[in-house]
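Visitor: File data_18.pdb follows (PDB, C-alpha atoms and all ligand atoms):
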```
ATOM      1  CA  MET Z   1       1.675  22.022 -29.608  1.00  0.00           C
ATOM      2  CA  SER Z   2       4.628  20.195 -28.083  1.00  0.00           C
ATOM      3  CA  LEU Z   3       4.320  18.784 -24.599  1.00  0.00           C
ATOM      4  CA  PRO Z   4       6.982  19.351 -21.917  1.00  0.00           C
ATOM      5  CA  PRO Z   5       9.220  16.357 -21.246  1.00  0.00           C
ATOM      6  CA  PRO Z   6       7.758  14.037 -18.607  1.00  0.00           C
ATOM      7  CA  LEU Z   7       9.139  14.234 -15.098  1.00  0.00           C
ATOM      8  CA  PRO Z   8      11.012  11.233 -13.792  1.00  0.00           C
ATOM      9  CA  GLU Z   9       8.478   8.973 -12.108  1.00  0.00           C
ATOM     10  CA  TRP Z  10      10.007   9.486  -8.699  1.00  0.00           C
ATOM     11  CA  THR Z  11       9.740  13.272  -8.585  1.00  0.00           C
ATOM     12  CA  LEU Z  12       6.534  15.168  -8.216  1.00  0.00           C
ATOM     13  CA  PRO Z  13       7.190  18.735  -7.066  1.00  0.00           C
ATOM     14  CA  ASN Z  14       4.251  20.957  -6.175  1.00  0.00           C
ATOM     15  CA  VAL Z  15       1.642  18.254  -6.143  1.00  0.00           C
ATOM     16  CA  PRO Z  16      -0.409  18.595  -2.988  1.00  0.00           C
ATOM     17  CA  PRO Z  17      -0.691  15.381  -1.006  1.00  0.00           C
ATOM     18  CA  ALA Z  18      -4.160  14.013  -0.560  1.00  0.00           C
ATOM     19  CA  LEU Z  19      -3.409  13.351   3.080  1.00  0.00           C
ATOM     20  CA  VAL Z  20      -0.962  15.002   5.515  1.00  0.00           C
ATOM     21  CA  VAL Z  21      -0.199  12.824   8.547  1.00  0.00           C
ATOM     22  CA  ASP Z  22       1.084  14.214  11.876  1.00  0.00           C
ATOM     23  CA  ALA Z  23       1.416  17.671  10.335  1.00  0.00           C
ATOM     24  CA  GLU Z  24       2.873  19.094  13.569  1.00  0.00           C
ATOM     25  CA  ARG Z  25       5.925  16.817  13.366  1.00  0.00           C
ATOM     26  CA  PRO Z  26       8.989  18.110  11.466  1.00  0.00           C
ATOM     27  CA  ARG Z  27       9.841  16.969   7.940  1.00  0.00           C
ATOM     28  CA  ALA Z  28      13.448  16.481   6.836  1.00  0.00           C
ATOM     29  CA  PRO Z  29      14.878  19.043   4.359  1.00  0.00           C
ATOM     30  CA  GLY Z  30      14.049  17.996   0.791  1.00  0.00           C
ATOM     31  CA  HIS Z  31      11.224  15.800   2.035  1.00  0.00           C
ATOM     32  CA  GLY Z  32       8.705  17.204  -0.491  1.00  0.00           C
ATOM     33  CA  GLN Z  33      11.003  16.785  -3.480  1.00  0.00           C
ATOM     34  CA  ARG Z  34      11.196  13.004  -3.460  1.00  0.00           C
ATOM     35  CA  LEU Z  35       8.089  10.932  -3.969  1.00  0.00           C
ATOM     36  CA  ILE Z  36       8.436   7.292  -2.954  1.00  0.00           C
ATOM     37  CA  GLU Z  37       6.313   4.952  -5.028  1.00  0.00           C
ATOM     38  CA  VAL Z  38       4.678   2.165  -3.052  1.00  0.00           C
ATOM     39  CA  ALA Z  39       2.854  -0.911  -4.353  1.00  0.00           C
ATOM     40  CA  VAL Z  40      -0.109  -1.850  -2.149  1.00  0.00           C
ATOM     41  CA  GLY Z  41      -2.157  -5.039  -2.516  1.00  0.00           C
ATOM     42  CA  VAL Z  42      -5.750  -5.393  -1.370  1.00  0.00           C
ATOM     43  CA  LEU Z  43      -6.274  -9.146  -1.224  1.00  0.00           C
ATOM     44  CA  VAL Z  44      -9.984  -9.901  -1.337  1.00  0.00           C
ATOM     45  CA  ASP Z  45     -11.146 -13.406  -0.448  1.00  0.00           C
ATOM     46  CA  ALA Z  46     -14.281 -15.247  -1.558  1.00  0.00           C
ATOM     47  CA  GLN Z  47     -16.245 -13.811   1.389  1.00  0.00           C
ATOM     48  CA  GLY Z  48     -15.303 -10.243   0.468  1.00  0.00           C
ATOM     49  CA  ARG Z  49     -12.862  -9.935   3.367  1.00  0.00           C
ATOM     50  CA  VAL Z  50      -9.582  -8.063   2.980  1.00  0.00           C
ATOM     51  CA  LEU Z  51      -6.165  -9.037   4.347  1.00  0.00           C
ATOM     52  CA  LEU Z  52      -4.469  -6.641   6.753  1.00  0.00           C
ATOM     53  CA  THR Z  53      -1.004  -7.023   8.282  1.00  0.00           C
ATOM     54  CA  THR Z  54       0.806  -5.100  10.996  1.00  0.00           C
ATOM     55  CA  ARG Z  55       3.858  -2.995  10.243  1.00  0.00           C
ATOM     56  CA  PRO Z  56       6.956  -4.813  11.484  1.00  0.00           C
ATOM     57  CA  PRO Z  57       8.999  -3.619  14.469  1.00  0.00           C
ATOM     58  CA  GLY Z  58      11.590  -1.001  13.553  1.00  0.00           C
ATOM     59  CA  LYS Z  59       9.568   0.583  10.739  1.00  0.00           C
ATOM     60  CA  ALA Z  60       7.779   3.922  10.976  1.00  0.00           C
ATOM     61  CA  TYR Z  61       4.316   3.413  12.506  1.00  0.00           C
ATOM     62  CA  ALA Z  62       5.299  -0.086  13.679  1.00  0.00           C
ATOM     63  CA  GLY Z  63       2.325  -2.117  14.850  1.00  0.00           C
ATOM     64  CA  CYS Z  64      -0.252  -0.224  12.763  1.00  0.00           C
ATOM     65  CA  TRP Z  65      -2.440  -2.282  10.436  1.00  0.00           C
ATOM     66  CA  GLU Z  66      -1.936  -1.815   6.710  1.00  0.00           C
ATOM     67  CA  PHE Z  67      -2.323  -3.674   3.441  1.00  0.00           C
ATOM     68  CA  PRO Z  68       0.674  -5.780   2.417  1.00  0.00           C
ATOM     69  CA  GLY Z  69       3.065  -4.159  -0.041  1.00  0.00           C
ATOM     70  CA  GLY Z  70       6.200  -2.044  -0.158  1.00  0.00           C
ATOM     71  CA  LYS Z  71       8.395   0.295  -2.148  1.00  0.00           C
ATOM     72  CA  ILE Z  72       8.654  -0.074  -5.911  1.00  0.00           C
ATOM     73  CA  GLU Z  73      12.284  -0.459  -6.922  1.00  0.00           C
ATOM     74  CA  ALA Z  74      13.879   1.500  -9.779  1.00  0.00           C
ATOM     75  CA  GLY Z  75      12.789   0.107 -13.147  1.00  0.00           C
ATOM     76  CA  GLU Z  76      10.218  -2.202 -11.611  1.00  0.00           C
ATOM     77  CA  SER Z  77       6.565  -2.234 -12.699  1.00  0.00           C
ATOM     78  CA  LEU Z  78       3.775  -1.903 -10.155  1.00  0.00           C
ATOM     79  CA  GLU Z  79       2.675  -5.471 -10.737  1.00  0.00           C
ATOM     80  CA  ALA Z  80       6.220  -6.861 -10.464  1.00  0.00           C
ATOM     81  CA  ALA Z  81       6.824  -4.922  -7.246  1.00  0.00           C
ATOM     82  CA  LEU Z  82       3.612  -6.215  -5.733  1.00  0.00           C
ATOM     83  CA  ARG Z  83       4.435  -9.773  -6.746  1.00  0.00           C
ATOM     84  CA  ARG Z  84       7.896  -9.485  -5.166  1.00  0.00           C
ATOM     85  CA  GLU Z  85       6.716  -7.770  -1.971  1.00  0.00           C
ATOM     86  CA  LEU Z  86       3.899 -10.212  -1.297  1.00  0.00           C
ATOM     87  CA  GLN Z  87       6.193 -13.170  -1.857  1.00  0.00           C
ATOM     88  CA  GLU Z  88       8.866 -11.659   0.438  1.00  0.00           C
ATOM     89  CA  GLU Z  89       6.551 -10.399   3.166  1.00  0.00           C
ATOM     90  CA  ILE Z  90       3.665 -12.856   3.376  1.00  0.00           C
ATOM     91  CA  GLY Z  91       4.735 -15.845   1.264  1.00  0.00           C
ATOM     92  CA  LEU Z  92       1.973 -15.681  -1.376  1.00  0.00           C
ATOM     93  CA  GLN Z  93       2.316 -15.870  -5.156  1.00  0.00           C
ATOM     94  CA  ILE Z  94      -0.221 -13.554  -6.722  1.00  0.00           C
ATOM     95  CA  GLY Z  95      -1.936 -13.908 -10.091  1.00  0.00           C
ATOM     96  CA  ALA Z  96      -3.530 -11.069 -12.055  1.00  0.00           C
ATOM     97  CA  VAL Z  97      -3.910  -7.729 -10.291  1.00  0.00           C
ATOM     98  CA  GLN Z  98      -6.424  -4.946 -10.919  1.00  0.00           C
ATOM     99  CA  PRO Z  99      -5.025  -1.415 -10.500  1.00  0.00           C
ATOM    100  CA  TRP Z 100      -7.568   0.458  -8.395  1.00  0.00           C
ATOM    101  CA  ARG Z 101      -6.390   3.912  -7.252  1.00  0.00           C
ATOM    102  CA  SER Z 102      -3.431   5.959  -6.098  1.00  0.00           C
ATOM    103  CA  LEU Z 103      -3.048   8.260  -3.122  1.00  0.00           C
ATOM    104  CA  VAL Z 104      -0.245  10.649  -2.129  1.00  0.00           C
ATOM    105  CA  VAL Z 105       0.438  10.700   1.610  1.00  0.00           C
ATOM    106  CA  ASP Z 106       2.785  13.081   3.412  1.00  0.00           C
ATOM    107  CA  TYR Z 107       4.257  11.398   6.509  1.00  0.00           C
ATOM    108  CA  PRO Z 108       7.004  12.854   8.694  1.00  0.00           C
ATOM    109  CA  HIS Z 109       9.311  10.040   7.502  1.00  0.00           C
ATOM    110  CA  ALA Z 110       8.489  10.212   3.768  1.00  0.00           C
ATOM    111  CA  LEU Z 111       6.261  11.494   1.004  1.00  0.00           C
ATOM    112  CA  VAL Z 112       4.730   8.427  -0.601  1.00  0.00           C
ATOM    113  CA  ARG Z 113       2.395   7.596  -3.437  1.00  0.00           C
ATOM    114  CA  LEU Z 114       0.377   4.478  -2.749  1.00  0.00           C
ATOM    115  CA  GLN Z 115      -0.457   2.622  -5.944  1.00  0.00           C
ATOM    116  CA  VAL Z 116      -3.189   0.273  -4.916  1.00  0.00           C
ATOM    117  CA  CYS Z 117      -4.253  -2.912  -6.695  1.00  0.00           C
ATOM    118  CA  LEU Z 118      -7.059  -5.341  -5.988  1.00  0.00           C
ATOM    119  CA  VAL Z 119      -5.897  -8.952  -5.912  1.00  0.00           C
ATOM    120  CA  ARG Z 120      -8.345 -11.852  -5.988  1.00  0.00           C
ATOM    121  CA  ASP Z 121      -6.089 -14.572  -7.287  1.00  0.00           C
ATOM    122  CA  TRP Z 122      -3.148 -16.028  -5.352  1.00  0.00           C
ATOM    123  CA  SER Z 123      -1.583 -19.299  -4.333  1.00  0.00           C
ATOM    124  CA  GLY Z 124       0.569 -20.470  -1.457  1.00  0.00           C
ATOM    125  CA  THR Z 125       0.175 -20.363   2.294  1.00  0.00           C
ATOM    126  CA  LEU Z 126       0.244 -17.209   4.347  1.00  0.00           C
ATOM    127  CA  HIS Z 127       3.544 -16.921   6.194  1.00  0.00           C
ATOM    128  CA  MET Z 128       4.558 -13.704   7.930  1.00  0.00           C
ATOM    129  CA  HIS Z 129       8.259 -13.388   7.091  1.00  0.00           C
ATOM    130  CA  GLU Z 130       8.833 -10.116   8.964  1.00  0.00           C
ATOM    131  CA  GLY Z 131       7.216 -10.890  12.311  1.00  0.00           C
ATOM    132  CA  GLN Z 132       3.932  -9.212  11.379  1.00  0.00           C
ATOM    133  CA  SER Z 133       0.457 -10.245  12.472  1.00  0.00           C
ATOM    134  CA  CYS Z 134      -2.230 -10.773   9.854  1.00  0.00           C
ATOM    135  CA  ALA Z 135      -6.017 -10.775   9.858  1.00  0.00           C
ATOM    136  CA  TRP Z 136      -8.778 -11.255   7.308  1.00  0.00           C
ATOM    137  CA  GLN Z 137     -11.254  -8.481   8.013  1.00  0.00           C
ATOM    138  CA  SER Z 138     -14.785  -7.752   6.861  1.00  0.00           C
ATOM    139  CA  LEU Z 139     -15.585  -4.130   6.125  1.00  0.00           C
ATOM    140  CA  PRO Z 140     -15.734  -1.968   8.153  1.00  0.00           C
ATOM    141  CA  VAL Z 141     -12.601  -3.439   9.695  1.00  0.00           C
ATOM    142  CA  GLN Z 142     -12.180  -3.822  13.454  1.00  0.00           C
ATOM    143  CA  ALA Z 143      -8.358  -3.866  13.455  1.00  0.00           C
ATOM    144  CA  ALA Z 144      -6.701  -0.961  15.288  1.00  0.00           C
ATOM    145  CA  PRO Z 145      -4.642   1.139  15.183  1.00  0.00           C
ATOM    146  CA  LEU Z 146      -4.774   1.569  11.406  1.00  0.00           C
ATOM    147  CA  LEU Z 147      -1.910   3.140   9.469  1.00  0.00           C
ATOM    148  CA  PRO Z 148      -3.253   6.636   8.626  1.00  0.00           C
ATOM    149  CA  GLY Z 149      -2.588   6.266   4.886  1.00  0.00           C
ATOM    150  CA  SER Z 150      -4.639   3.078   4.778  1.00  0.00           C
ATOM    151  CA  VAL Z 151      -7.767   4.691   6.237  1.00  0.00           C
ATOM    152  CA  PRO Z 152      -8.964   6.449   3.041  1.00  0.00           C
ATOM    153  CA  LEU Z 153      -8.300   3.223   1.139  1.00  0.00           C
ATOM    154  CA  LEU Z 154     -10.522   1.271   3.516  1.00  0.00           C
ATOM    155  CA  GLN Z 155     -13.213   3.945   3.256  1.00  0.00           C
ATOM    156  CA  GLY Z 156     -13.058   3.757  -0.536  1.00  0.00           C
ATOM    157  CA  LEU Z 157     -13.285  -0.016  -0.457  1.00  0.00           C
ATOM    158  CA  GLN Z 158     -16.427   0.167   1.579  1.00  0.00           C
ATOM    159  CA  GLY Z 159     -18.160   2.055  -1.218  1.00  0.00           C
ATOM    160  CA  LEU Z 160     -16.958  -0.519  -3.706  1.00  0.00           C
ATOM    161  CA  VAL Z 161     -18.884  -3.705  -4.114  1.00  0.00           C
ATOM    162  CA  LEU Z 162     -16.350  -6.397  -3.305  1.00  0.00           C
ATOM    163  CA  GLN Z 163     -17.510  -9.039  -5.720  1.00  0.00           C
ATOM    164  CA  PRO Z 164     -16.327 -12.585  -5.036  1.00  0.00           C
ATOM    165  CA  PRO Z 165     -14.609 -14.171  -8.035  1.00  0.00           C
ATOM    166  CA  LEU Z 166     -16.893 -15.872 -10.535  1.00  0.00           C
ATOM    167  CA  ALA Z 167     -17.305 -19.600  -9.990  1.00  0.00           C
ATOM    168  CA  PRO Z 168     -15.381 -21.630 -12.598  1.00  0.00           C
TER     169      PRO Z 168
HETATM  170  N1  LIG X 201       2.466  -1.558   2.476  1.00  0.00           N
HETATM  171  C1  LIG X 201       1.730  -0.483   2.745  1.00  0.00           C
HETATM  172  N2  LIG X 201       2.307   0.733   2.903  1.00  0.00           N
HETATM  173  C2  LIG X 201       1.490   1.751   3.188  1.00  0.00           C
HETATM  174  C3  LIG X 201       0.091   1.603   3.297  1.00  0.00           C
HETATM  175  N3  LIG X 201      -0.459   2.810   3.599  1.00  0.00           N
HETATM  176  C4  LIG X 201       0.555   3.696   3.703  1.00  0.00           C
HETATM  177  O1  LIG X 201       0.474   4.884   3.977  1.00  0.00           O
HETATM  178  N4  LIG X 201       1.763   3.056   3.441  1.00  0.00           N
HETATM  179  C5  LIG X 201       3.062   3.723   3.463  1.00  0.00           C
HETATM  180  C6  LIG X 201       3.867   3.436   4.705  1.00  0.00           C
HETATM  181  C7  LIG X 201       5.297   3.572   4.231  1.00  0.00           C
HETATM  182  O2  LIG X 201       5.674   4.937   4.308  1.00  0.00           O
HETATM  183  C8  LIG X 201       5.221   3.163   2.769  1.00  0.00           C
HETATM  184  C9  LIG X 201       5.640   1.729   2.556  1.00  0.00           C
HETATM  185  O3  LIG X 201       6.996   1.647   2.800  1.00  0.00           O
HETATM  186  P1  LIG X 201       7.690   0.450   3.597  1.00  0.00           P
HETATM  187  O4  LIG X 201       8.848   1.030   4.325  1.00  0.00           O
HETATM  188  O5  LIG X 201       6.702  -0.304   4.389  1.00  0.00           O
HETATM  189  O6  LIG X 201       8.144  -0.415   2.384  1.00  0.00           O
HETATM  190  P2  LIG X 201       9.135  -1.639   2.300  1.00  0.00           P
HETATM  191  O7  LIG X 201       8.424  -2.859   2.808  1.00  0.00           O
HETATM  192  O8  LIG X 201       9.618  -1.679   0.869  1.00  0.00           O
HETATM  193  O9  LIG X 201      10.258  -1.255   3.352  1.00  0.00           O
HETATM  194  P3  LIG X 201      11.826  -1.224   3.402  1.00  0.00           P
HETATM  195  O10 LIG X 201      12.156  -2.364   4.305  1.00  0.00           O
HETATM  196  O11 LIG X 201      12.351  -1.359   2.004  1.00  0.00           O
HETATM  197  O12 LIG X 201      12.114   0.121   4.014  1.00  0.00           O
HETATM  198  O13 LIG X 201       3.855   3.298   2.382  1.00  0.00           O
HETATM  199  C10 LIG X 201      -0.487   0.324   3.134  1.00  0.00           C
HETATM  200  O14 LIG X 201      -1.700   0.105   3.253  1.00  0.00           O
HETATM  201  N5  LIG X 201       0.373  -0.693   2.857  1.00  0.00           N
END
```
Transcribe the structure of this file into structure tokens.
Ligand SMILES: Nc1nc2c([nH]c(=O)n2[C@H]2C[C@H](O)[C@@H](COP(=O)(O)OP(=O)(O)OP(=O)(O)O)O2)c(=O)[nH]1
Guide:
Amino acid sequence: MSLPPPLPEWTLPNVPPALVVDAERPRAPGHGQRLIEVAVGVLVDAQGRVLLTTRPPGKAYAGCWEFPGGKIEAGESLEAALRRELQEEIGLQIGAVQPWRSLVVDYPHALVRLQVCLVRDWSGTLHMHEGQSCAWQSLPVQAAPLLPGSVPLLQGLQGLVLQPPLAP
């Protein structure tokens, strides 16, 4: 049996989002036809805390707490996108990443697929290049307001044992 040709990575018609945010707000025409791929990094420190940052002024849901990350560019791998975004946004150079899960979220501004990786290995000093705030948070996190799409990720993390890295 021959399989149908794969869809381009950036289109995903008729796939129901896992989460619809602000459903009462209008969506632009064609909104559901374009899926924006987003690389999201969950940095976990030796105490099992995770790094959250606020969304910069001028972006949708500005001021909400999220995990660092951003859109994957055409032709870019998830890992490369995450490495670039974390360098650009928070000034860290990440090592190996562990793909964890993905989640489709329907926002009024965009339909996005979050591709989430756990990151335990990085170097450099945290520097917020886009005017964000940052906070290392133990689970359950106290930071508020949270970006709606990040809430299920935080809930999932809570069920996951956040193991500190093995001692050398
Ligand atoms: N970085 C990040 N984005 C998230 C999370 N949860 C969530 O729903 N999102 C959504 C919000 C945005 O619609 C999308 C990320 O897009 P973005 O606009 O922040 O990406 P970017 O930094 O590449 O931005 P841009 O300047 O290129 O527009 O993913 C999260 O935990 N981290």
Visitor: Produce as a ChimeraX atom specification the set of residues near ligand LIG 201 (chain X), where near means within 9 Å with only C-alpha atoms and all ligand atoms considered.
Guide: /Z:36-42,52-53,55-56,59-61,65-73,85,89,103-107,109-114,116,146-151,153-154
Visitor: Next, the residues of the selection above should be written as a PDB file, in the frame of the given file with C-alpha atoms.
Guide:
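Just written: out.pdb:
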```
ATOM      1  CA  ILE Z  36       8.436   7.292  -2.954  1.00  0.00           C
ATOM      2  CA  GLU Z  37       6.313   4.952  -5.028  1.00  0.00           C
ATOM      3  CA  VAL Z  38       4.678   2.165  -3.052  1.00  0.00           C
ATOM      4  CA  ALA Z  39       2.854  -0.911  -4.353  1.00  0.00           C
ATOM      5  CA  VAL Z  40      -0.109  -1.850  -2.149  1.00  0.00           C
ATOM      6  CA  GLY Z  41      -2.157  -5.039  -2.516  1.00  0.00           C
ATOM      7  CA  VAL Z  42      -5.750  -5.393  -1.370  1.00  0.00           C
ATOM      8  CA  LEU Z  52      -4.469  -6.641   6.753  1.00  0.00           C
ATOM      9  CA  THR Z  53      -1.004  -7.023   8.282  1.00  0.00           C
ATOM     10  CA  ARG Z  55       3.858  -2.995  10.243  1.00  0.00           C
ATOM     11  CA  PRO Z  56       6.956  -4.813  11.484  1.00  0.00           C
ATOM     12  CA  LYS Z  59       9.568   0.583  10.739  1.00  0.00           C
ATOM     13  CA  ALA Z  60       7.779   3.922  10.976  1.00  0.00           C
ATOM     14  CA  TYR Z  61       4.316   3.413  12.506  1.00  0.00           C
ATOM     15  CA  TRP Z  65      -2.440  -2.282  10.436  1.00  0.00           C
ATOM     16  CA  GLU Z  66      -1.936  -1.815   6.710  1.00  0.00           C
ATOM     17  CA  PHE Z  67      -2.323  -3.674   3.441  1.00  0.00           C
ATOM     18  CA  PRO Z  68       0.674  -5.780   2.417  1.00  0.00           C
ATOM     19  CA  GLY Z  69       3.065  -4.159  -0.041  1.00  0.00           C
ATOM     20  CA  GLY Z  70       6.200  -2.044  -0.158  1.00  0.00           C
ATOM     21  CA  LYS Z  71       8.395   0.295  -2.148  1.00  0.00           C
ATOM     22  CA  ILE Z  72       8.654  -0.074  -5.911  1.00  0.00           C
ATOM     23  CA  GLU Z  73      12.284  -0.459  -6.922  1.00  0.00           C
ATOM     24  CA  GLU Z  85       6.716  -7.770  -1.971  1.00  0.00           C
ATOM     25  CA  GLU Z  89       6.551 -10.399   3.166  1.00  0.00           C
ATOM     26  CA  LEU Z 103      -3.048   8.260  -3.122  1.00  0.00           C
ATOM     27  CA  VAL Z 104      -0.245  10.649  -2.129  1.00  0.00           C
ATOM     28  CA  VAL Z 105       0.438  10.700   1.610  1.00  0.00           C
ATOM     29  CA  ASP Z 106       2.785  13.081   3.412  1.00  0.00           C
ATOM     30  CA  TYR Z 107       4.257  11.398   6.509  1.00  0.00           C
ATOM     31  CA  HIS Z 109       9.311  10.040   7.502  1.00  0.00           C
ATOM     32  CA  ALA Z 110       8.489  10.212   3.768  1.00  0.00           C
ATOM     33  CA  LEU Z 111       6.261  11.494   1.004  1.00  0.00           C
ATOM     34  CA  VAL Z 112       4.730   8.427  -0.601  1.00  0.00           C
ATOM     35  CA  ARG Z 113       2.395   7.596  -3.437  1.00  0.00           C
ATOM     36  CA  LEU Z 114       0.377   4.478  -2.749  1.00  0.00           C
ATOM     37  CA  VAL Z 116      -3.189   0.273  -4.916  1.00  0.00           C
ATOM     38  CA  LEU Z 146      -4.774   1.569  11.406  1.00  0.00           C
ATOM     39  CA  LEU Z 147      -1.910   3.140   9.469  1.00  0.00           C
ATOM     40  CA  PRO Z 148      -3.253   6.636   8.626  1.00  0.00           C
ATOM     41  CA  GLY Z 149      -2.588   6.266   4.886  1.00  0.00           C
ATOM     42  CA  SER Z 150      -4.639   3.078   4.778  1.00  0.00           C
ATOM     43  CA  VAL Z 151      -7.767   4.691   6.237  1.00  0.00           C
ATOM     44  CA  LEU Z 153      -8.300   3.223   1.139  1.00  0.00           C
ATOM     45  CA  LEU Z 154     -10.522   1.271   3.516  1.00  0.00           C
TER      46      LEU Z 154
END
```
Visitor: So, counting all atoms listed in the file, which residue among Z:Ala80, Z:Leu118, Z:Leu157, Z:Ala143 is closest to Gly63 of chain Z?
Guide: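 The shortest atom-to-atom distance to Gly63 of chain Z comes from Z:Ala143.
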Visitor: Take the PyMOL selection byres (((chain Z and resi 132) around 6) and not hetatm), run it mentally on this structure, and tell me the resulting residues as a PyMOL selection string.
Guide: chain Z and resi 54+56+128+130-131+133
Visitor: List as a list of chain:residue names the protein and nucleic acid residues near Glu79 of chain Z, meaning an atom at most 9 Å away when all atoms listed in the file are counted, but skip any in the same chain fewer than 4 places from it.
Guide: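 Here the answer would be Z:Ala39, Z:Arg83, Z:Arg84, Z:Ala96, Z:Val97, Z:Pro99, Z:Cys117.
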Visitor: Carefully work through the PyMOL selection byres (((chain Z and resi 92) around 10) and not hetatm) for this structure and note down the residues it includes, as a list of chain:residue names.
Guide: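 Expected selection for the PyMOL selection byres (((chain Z and resi 92) around 10) and not hetatm) here is Z:Arg83, Z:Arg84, Z:Glu85, Z:Leu86, Z:Gln87, Z:Glu88, Z:Glu89, Z:Ile90, Z:Gly91, Z:Gln93, Z:Ile94, Z:Gly95, Z:Trp122, Z:Ser123, Z:Gly124, Z:Thr125, Z:Leu126, Z:His127, Z:Met128.
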Visitor: Under the rule that all atoms listed in the file are counted, which of Z:Gly48, Z:Gly58, Z:Pro108, Z:Pro145 is the nearest residue to Gln158 of chain Z?
Guide: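 The shortest atom-to-atom distance to Gln158 of chain Z comes from Z:Gly48.
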Visitor: Report as a VMD selection string the full result of the PyMOL selection byres (((chain Z and resi 30) around 12) and not hetatm) when it is applied to this structure.
Guide: chain Z and resid 11 13 26 to 29 31 to 35 108 to 111
Visitor: Would you compute the box with edges along x, y and z of the file around segment 133-137 of chain Z, including every atom the file lists for it and 3 Å extra on each side, and give its centre and edge lengths in Å to one decimal, as lines of an AutoDock Vina configuration file?
Guide:
```
center_x = -5.4
center_y = -9.9
center_z = 9.9
size_x = 17.7
size_y = 8.8
size_z = 11.2
```
Visitor: Between atom CA of Ala144 of chain Z and atom CA of Gln115 of chain Z, measure the distance and give it in Å to one decimal.
Guide: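 Atom-to-atom, atom CA of Ala144 of chain Z and atom CA of Gln115 of chain Z are spaced 22.4 Å apart.
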Visitor: Interatomic distance between atom CA of Val141 of chain Z and atom CA of Arg49 of chain Z?
Guide: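 The value is 9.1 Å.
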Visitor: Between atom CA of Trp100 of chain Z and atom CA of Leu78 of chain Z, measure the distance and give it in Å to one decimal.
Guide: 11.7 Å
Visitor: So which one's closest to Leu82 of chain Z, Z:Ala135, Z:Gln98, Z:Asp22, Z:Pro152? Using only C-alpha atoms, please.
Guide: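 Of the candidates, the smallest distance to Leu82 of chain Z is held by Z:Gln98.
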